[in-house]
>>> print(open('entry.txt').read())   # compact mmCIF, C-alpha atoms
# COMPACT_ATOMS: atom_id res chain seq x y z
CA MET T 1 41.88 82.60 106.87
CA THR T 2 40.25 83.85 110.05
CA ARG T 3 42.32 86.40 111.94
CA ILE T 4 42.50 85.82 115.68
CA LEU T 5 41.53 89.01 117.50
CA THR T 6 40.99 90.37 120.96
CA GLU T 7 38.16 92.76 121.66
CA HIS T 8 40.62 95.58 120.94
CA GLY T 9 41.46 94.33 117.47
CA THR T 10 44.97 93.08 118.21
CA PRO T 11 46.13 89.45 117.84
CA ILE T 12 44.98 87.41 120.82
CA ALA T 13 47.87 84.97 120.52
CA GLN T 14 51.36 85.38 119.16
CA ARG T 15 52.69 82.51 117.09
CA GLY T 16 55.15 80.40 119.06
CA LYS T 17 54.22 82.01 122.39
CA ARG T 18 50.70 81.13 123.43
CA SER T 19 47.95 79.05 121.92
CA VAL T 20 44.65 80.67 121.06
CA ARG T 21 42.96 78.82 123.92
CA GLU T 22 45.57 79.98 126.44
CA ALA T 23 45.35 83.59 125.29
CA LEU T 24 41.55 83.49 125.28
CA LEU T 25 41.49 81.94 128.73
CA GLN T 26 43.81 84.66 130.06
CA GLN T 27 41.55 87.32 128.56
CA LEU T 28 38.40 85.83 130.06
CA VAL T 29 39.98 85.41 133.51
CA GLU T 30 41.11 89.06 133.40
CA MET T 31 37.60 90.21 132.47
CA ILE T 32 36.04 88.21 135.31
CA VAL T 33 38.58 89.22 137.96
CA SER T 34 38.44 92.89 136.92
CA GLY T 35 34.65 92.92 137.07
CA THR T 36 34.08 93.48 133.36
CA PHE T 37 32.05 90.30 133.69
CA PRO T 38 30.88 90.74 137.33
CA GLU T 39 29.87 88.02 139.76
CA SER T 40 26.39 86.58 139.15
CA SER T 41 26.26 88.09 135.66
CA THR T 42 25.48 86.03 132.58
CA LEU T 43 28.18 85.90 129.94
CA PRO T 44 27.31 86.72 126.32
CA ASN T 45 26.23 83.68 124.36
CA GLU T 46 28.62 81.52 122.36
CA ALA T 47 27.95 83.25 119.04
CA GLU T 48 28.61 86.69 120.56
CA LEU T 49 31.84 85.59 122.25
CA THR T 50 33.26 83.88 119.17
CA GLU T 51 32.51 87.02 117.17
CA ARG T 52 33.89 89.32 119.87
CA PHE T 53 37.21 87.50 120.19
CA GLY T 54 37.47 86.14 116.64
CA VAL T 55 38.01 82.56 117.82
CA SER T 56 36.52 79.21 116.92
CA ARG T 57 33.75 77.56 118.90
CA THR T 58 36.16 74.78 119.81
CA SER T 59 38.65 77.22 121.36
CA LEU T 60 35.88 79.01 123.22
CA ARG T 61 34.38 75.79 124.57
CA GLU T 62 37.78 74.58 125.77
CA ALA T 63 38.35 77.89 127.56
CA MET T 64 34.90 77.72 129.14
CA GLN T 65 35.56 74.19 130.37
CA TYR T 66 38.73 75.42 132.06
CA LEU T 67 36.90 78.38 133.62
CA SER T 68 34.32 75.95 134.94
CA ALA T 69 37.07 73.77 136.44
CA LEU T 70 38.47 76.91 138.12
CA GLY T 71 35.10 77.50 139.77
CA MET T 72 34.69 80.83 137.97
CA VAL T 73 31.64 80.03 135.85
CA ARG T 74 28.77 77.57 135.68
CA SER T 75 26.96 76.69 132.48
CA ARG T 76 23.37 75.51 132.42
CA THR T 77 21.05 74.73 129.56
CA ARG T 78 18.80 77.73 128.80
CA ALA T 79 20.17 79.70 131.79
CA GLY T 80 23.47 80.40 130.04
CA THR T 81 26.90 80.73 131.62
CA ILE T 82 26.92 82.47 135.01
CA VAL T 83 29.95 84.05 136.71
CA LEU T 84 30.24 82.45 140.15
CA PRO T 85 31.06 84.30 143.41
CA ARG T 86 34.74 84.74 144.26
CA GLU T 87 34.63 82.25 147.11
CA ASN T 88 34.27 79.50 144.48
CA TRP T 89 37.38 80.51 142.50
CA ASN T 90 40.62 78.53 142.56
CA TYR T 91 43.02 81.30 143.53
CA LEU T 92 45.99 78.90 143.49
CA ASP T 93 45.69 78.32 139.76
CA PRO T 94 48.69 80.11 138.15
CA ILE T 95 46.53 82.03 135.66
CA VAL T 96 44.08 83.27 138.29
CA LEU T 97 46.90 84.11 140.70
CA ASP T 98 48.86 86.05 138.07
CA VAL T 99 45.78 88.03 137.06
CA MET T 100 44.86 88.78 140.68
CA LEU T 101 48.35 90.16 141.32
CA ALA T 102 48.49 92.11 138.06
CA ILE T 103 45.09 93.75 138.50
CA GLY T 104 45.56 94.38 142.20
CA ALA T 105 44.61 91.93 144.90
CA ASP T 106 42.28 93.17 147.63
CA ASP T 107 42.83 93.21 151.40
CA ALA T 108 41.07 89.87 151.87
CA PHE T 109 43.49 88.20 149.44
CA TYR T 110 46.58 89.24 151.42
CA SER T 111 44.93 88.64 154.79
CA SER T 112 44.08 85.09 153.76
CA LEU T 113 47.66 84.58 152.63
CA ILE T 114 49.01 85.75 156.00
CA ASP T 115 46.52 83.49 157.80
CA ALA T 116 47.75 80.49 155.80
CA ARG T 117 51.38 81.38 156.48
CA GLN T 118 50.66 81.69 160.20
CA LEU T 119 49.39 78.13 160.25
CA LEU T 120 51.99 76.59 157.94
CA GLU T 121 55.35 78.29 158.42
CA PRO T 122 55.86 77.92 162.20
CA ALA T 123 55.23 74.18 161.82
CA ALA T 124 57.58 74.06 158.82
CA ALA T 125 60.29 75.88 160.80
CA ALA T 126 59.96 73.40 163.67
CA GLN T 127 60.22 70.45 161.28
CA ALA T 128 63.19 72.07 159.52
CA ALA T 129 64.97 72.35 162.87
CA ALA T 130 64.42 68.65 163.41
CA ASN T 131 64.97 67.36 159.87
CA ALA T 132 67.16 69.70 157.79
CA ASN T 133 70.28 68.18 156.28
CA ALA T 134 73.53 70.04 155.70
CA ARG T 135 72.64 71.12 152.17
CA GLN T 136 69.26 72.47 153.27
CA LEU T 137 70.81 74.35 156.18
CA TYR T 138 73.25 75.91 153.72
CA GLN T 139 70.38 77.04 151.47
CA ILE T 140 68.59 78.71 154.39
CA SER T 141 71.82 80.38 155.50
CA LYS T 142 72.64 81.52 151.95
CA ALA T 143 69.21 83.14 151.55
CA PHE T 144 69.68 84.93 154.87
CA GLU T 145 73.13 86.17 153.76
CA ASP T 146 71.55 87.48 150.55
CA MET T 147 69.02 89.42 152.64
CA VAL T 148 71.83 90.93 154.71
CA GLU T 149 73.68 91.85 151.52
CA ALA T 150 70.63 93.50 149.94
CA ASN T 151 69.41 95.18 153.15
CA SER T 152 67.48 98.38 152.35
CA ARG T 153 69.58 99.26 149.29
CA ASP T 154 67.59 97.13 146.85
CA ASN T 155 64.01 96.30 147.76
CA GLU T 156 63.60 93.80 144.90
CA ALA T 157 66.77 91.88 145.83
CA TRP T 158 65.67 91.93 149.47
CA SER T 159 62.20 90.61 148.60
CA ARG T 160 63.57 87.79 146.43
CA ALA T 161 66.07 86.79 149.11
CA ASP T 162 63.24 86.87 151.66
CA LEU T 163 61.22 84.55 149.42
CA GLU T 164 64.14 82.15 149.10
CA PHE T 165 64.65 82.16 152.88
CA HIS T 166 61.08 81.10 153.59
CA THR T 167 61.00 78.67 150.68
CA ALA T 168 64.23 77.02 151.84
CA ILE T 169 62.77 76.51 155.32
CA ILE T 170 59.59 74.97 153.91
CA ASN T 171 61.65 72.67 151.67
CA ALA T 172 63.80 71.67 154.66
CA SER T 173 60.70 70.65 156.61
CA GLY T 174 60.49 67.44 154.60
CA ASN T 175 56.71 67.85 154.30
CA TRP T 176 55.63 67.46 150.66
CA VAL T 177 52.28 69.18 151.27
CA TYR T 178 54.05 72.28 152.57
CA ARG T 179 56.37 72.20 149.56
CA GLN T 180 53.51 71.96 147.08
CA PHE T 181 51.66 74.80 148.78
CA ALA T 182 54.72 77.04 148.74
CA SER T 183 55.31 76.26 145.08
CA ALA T 184 51.70 77.05 144.19
CA ILE T 185 51.68 80.43 145.91
CA ARG T 186 55.25 81.49 145.11
CA ALA T 187 54.12 84.49 143.05
CA ALA T 188 51.72 85.60 145.78
CA LEU T 189 54.41 85.25 148.43
CA LEU T 190 56.80 87.41 146.42
CA ALA T 191 54.11 90.05 145.93
CA SER T 192 53.38 90.07 149.66
CA PHE T 193 57.09 90.36 150.51
CA ARG T 194 57.41 93.32 148.15
CA LEU T 195 54.49 94.96 149.89
CA THR T 196 55.63 94.34 153.47
CA ASN T 197 59.29 95.07 152.82
CA ARG T 198 58.39 98.50 151.44
CA ALA T 199 56.39 99.10 154.61
CA SER T 200 59.11 97.85 156.96
CA GLN T 201 60.15 100.49 159.47
CA SER T 202 63.50 98.85 160.21
CA HIS T 203 65.40 96.47 157.97
CA GLU T 204 67.91 96.00 160.79
CA GLN T 205 65.15 94.70 163.06
CA ALA T 206 63.86 92.49 160.25
CA ILE T 207 67.34 91.00 159.86
CA LEU T 208 67.45 90.18 163.57
CA THR T 209 64.00 88.56 163.45
CA HIS T 210 65.00 86.36 160.51
CA GLN T 211 68.27 85.55 162.26
CA ASP T 212 66.35 84.27 165.29
CA VAL T 213 64.59 81.77 163.01
CA LEU T 214 67.85 80.74 161.34
CA GLU T 215 69.72 80.22 164.60
CA ALA T 216 66.93 78.14 166.12
CA ILE T 217 66.97 75.87 163.08
CA ARG T 218 70.78 75.65 163.11
CA MET T 219 70.76 74.74 166.80
CA ARG T 220 68.13 72.02 166.21
CA ARG T 221 65.60 73.62 168.54
CA PRO T 222 62.16 72.95 167.00
CA GLU T 223 60.02 74.82 169.52
CA ALA T 224 62.34 77.86 169.46
CA ALA T 225 62.16 77.81 165.64
CA ARG T 226 58.37 77.60 165.78
CA HIS T 227 58.17 80.55 168.18
CA ALA T 228 60.65 82.65 166.18
CA MET T 229 58.67 82.08 162.98
CA GLU T 230 55.43 82.98 164.75
CA GLN T 231 57.03 86.27 165.74
CA LEU T 232 58.25 86.84 162.20
CA ILE T 233 54.82 86.22 160.65
CA GLY T 234 53.26 88.46 163.29
CA VAL T 235 55.52 91.32 162.21
CA ALA T 236 54.64 90.61 158.57
CA ARG T 237 50.93 90.80 159.43
CA SER T 238 51.39 94.18 161.10
CA GLU T 239 53.40 95.54 158.18
CA MET T 240 50.86 94.18 155.69
CA THR T 241 48.05 95.95 157.53
CA ASP T 242 50.00 99.22 157.47
CA ALA T 243 50.87 98.85 153.79
CA LEU T 244 47.28 98.15 152.77
CA ARG T 245 46.00 101.05 154.85
CA ARG T 246 48.46 103.41 153.18
CA ALA T 247 47.49 102.09 149.75
CA ARG T 248 43.80 102.69 150.46
CA LYS T 249 44.51 106.20 151.71
CA ALA T 250 46.60 107.01 148.63
CA SER T 251 43.84 105.67 146.39
CA GLU T 252 41.20 107.73 148.18
CA LEU T 253 43.32 110.88 147.88
CA ALA T 254 43.87 110.22 144.17
CA GLU T 255 40.15 109.71 143.60
CA GLY T 256 39.37 112.87 145.54
CA SER T 257 41.85 114.85 143.46
CA THR T 258 40.35 113.48 140.23
CA ARG T 259 36.83 114.42 141.30
CA ALA T 260 37.99 117.90 142.31
CA GLN T 261 39.26 118.46 138.78
>>> encode(input="entry.txt", output="structure tokens")
Amino acid sequence: MTRILTEHGTPIAQRGKRSVREALLQQLVEMIVSGTFPESSTLPNEAELTERFGVSRTSLREAMQYLSALGMVRSRTRAGTIVLPRENWNYLDPIVLDVMLAIGADDAFYSSLIDARQLLEPAAAAQAAANANARQLYQISKAFEDMVEANSRDNEAWSRADLEFHTAIINASGNWVYRQFASAIRAALLASFRLTNRASQSHEQAILTHQDVLEAIRMRRPEAARHAMEQLIGVARSEMTDALRRARKASELAEGSTRAQ
């Protein structure tokens, strides 16, 4: 019986956890995102890949079809399978998104996320102020109370409460497109909250900014809710910029130290 392997010689799929195709797909996405298979490069041929990963041609072809649907590769007769530029990739696919966050998303990834939030969340807040029912208002309030409870003592609890606060507002908007978008990027939102909350200079000020959004929604003031959310996203953008700058500086210092050795 053929043993299913990764390139490192360990089982590519654990029985009862992931199928061979799912595990292979995850591996290929990781290799493309990490640059092991760089943009515009040609992947090894089918025979090489089946040998490398110890999988069947059927499993490999299914994985390649999925990669093609994600906009990550393009297969052509005689030309082989080419890795496409990043602008073609479907970043909202859960596998791609998880790999991006695990490997380390770049500045453009987070900047694009903030840009999308700037367009979507103020409108969602305004609609929540106009449309939220009692249960939805409670969910927004509960998430805010969880943020207050966590404060700066537990960054993970704070970040998760922050995520629930924004998600509850989007759900209360009544707009199914907003809801689907928030659901698709939930992991990315949590990662961004972790990043900005670590960079926050004042959790007390952050509480007040979130409270402005909550009170505008409670008071049924759509334009005030829109404005308050715009202010909140603006602060998040500033903190994201600071956090990414610090991360780059730390990386440069680490690289410099390694070279010096």
>>> atom_distance(input="entry.txt", atom1="atom CA of Phe144 of chain T", atom2="atom CA of Phe109 of chain T")
26.9 Å
>>> closest_residue(input="entry.txt", among="T:Gln127, T:Ser75, T:Asn133, T:Ser183", to="Thr42 of chain T", atoms="all atoms listed in the file")
T:Ser75
>>> atom_distance(input="entry.txt", atom1="atom CA of Ala228 of chain T", atom2="atom CA of Ile207 of chain T")
12.4 Å
>>> closest_residue(input="entry.txt", among="T:Leu190, T:Val33, T:Ala23, T:Ala182", to="Glu121 of chain T", atoms="all atoms listed in the file")
T:Ala182
>>> atom_distance(input="entry.txt", atom1="atom CA of Leu253 of chain T", atom2="atom CA of Ile103 of chain T")
19.6 Å
>>> axis_aligned_box(input="entry.txt", around="segment 229-246 of chain T", padding_each_side="4 Å", output="AutoDock Vina command-line options")
--center_x 52.3 --center_y 92.7 --center_z 159.3 --size_x 20.7 --size_y 29.3 --size_z 21.0
>>> closest_residue(input="entry.txt", among="T:Ser41, T:Ser202, T:Ser56, T:Asn197", to="Val20 of chain T", atoms="all atoms listed in the file")
T:Ser56
>>> residues_around(input="entry.txt", residues="segment 76-92 of chain T", least_positions_apart="2", cutoff="10 Å", atoms="all atoms listed in the file", output="PyMOL selection string")
chain T and resi 32-33+37-46+64+67-74+94-100+109+181+183-188
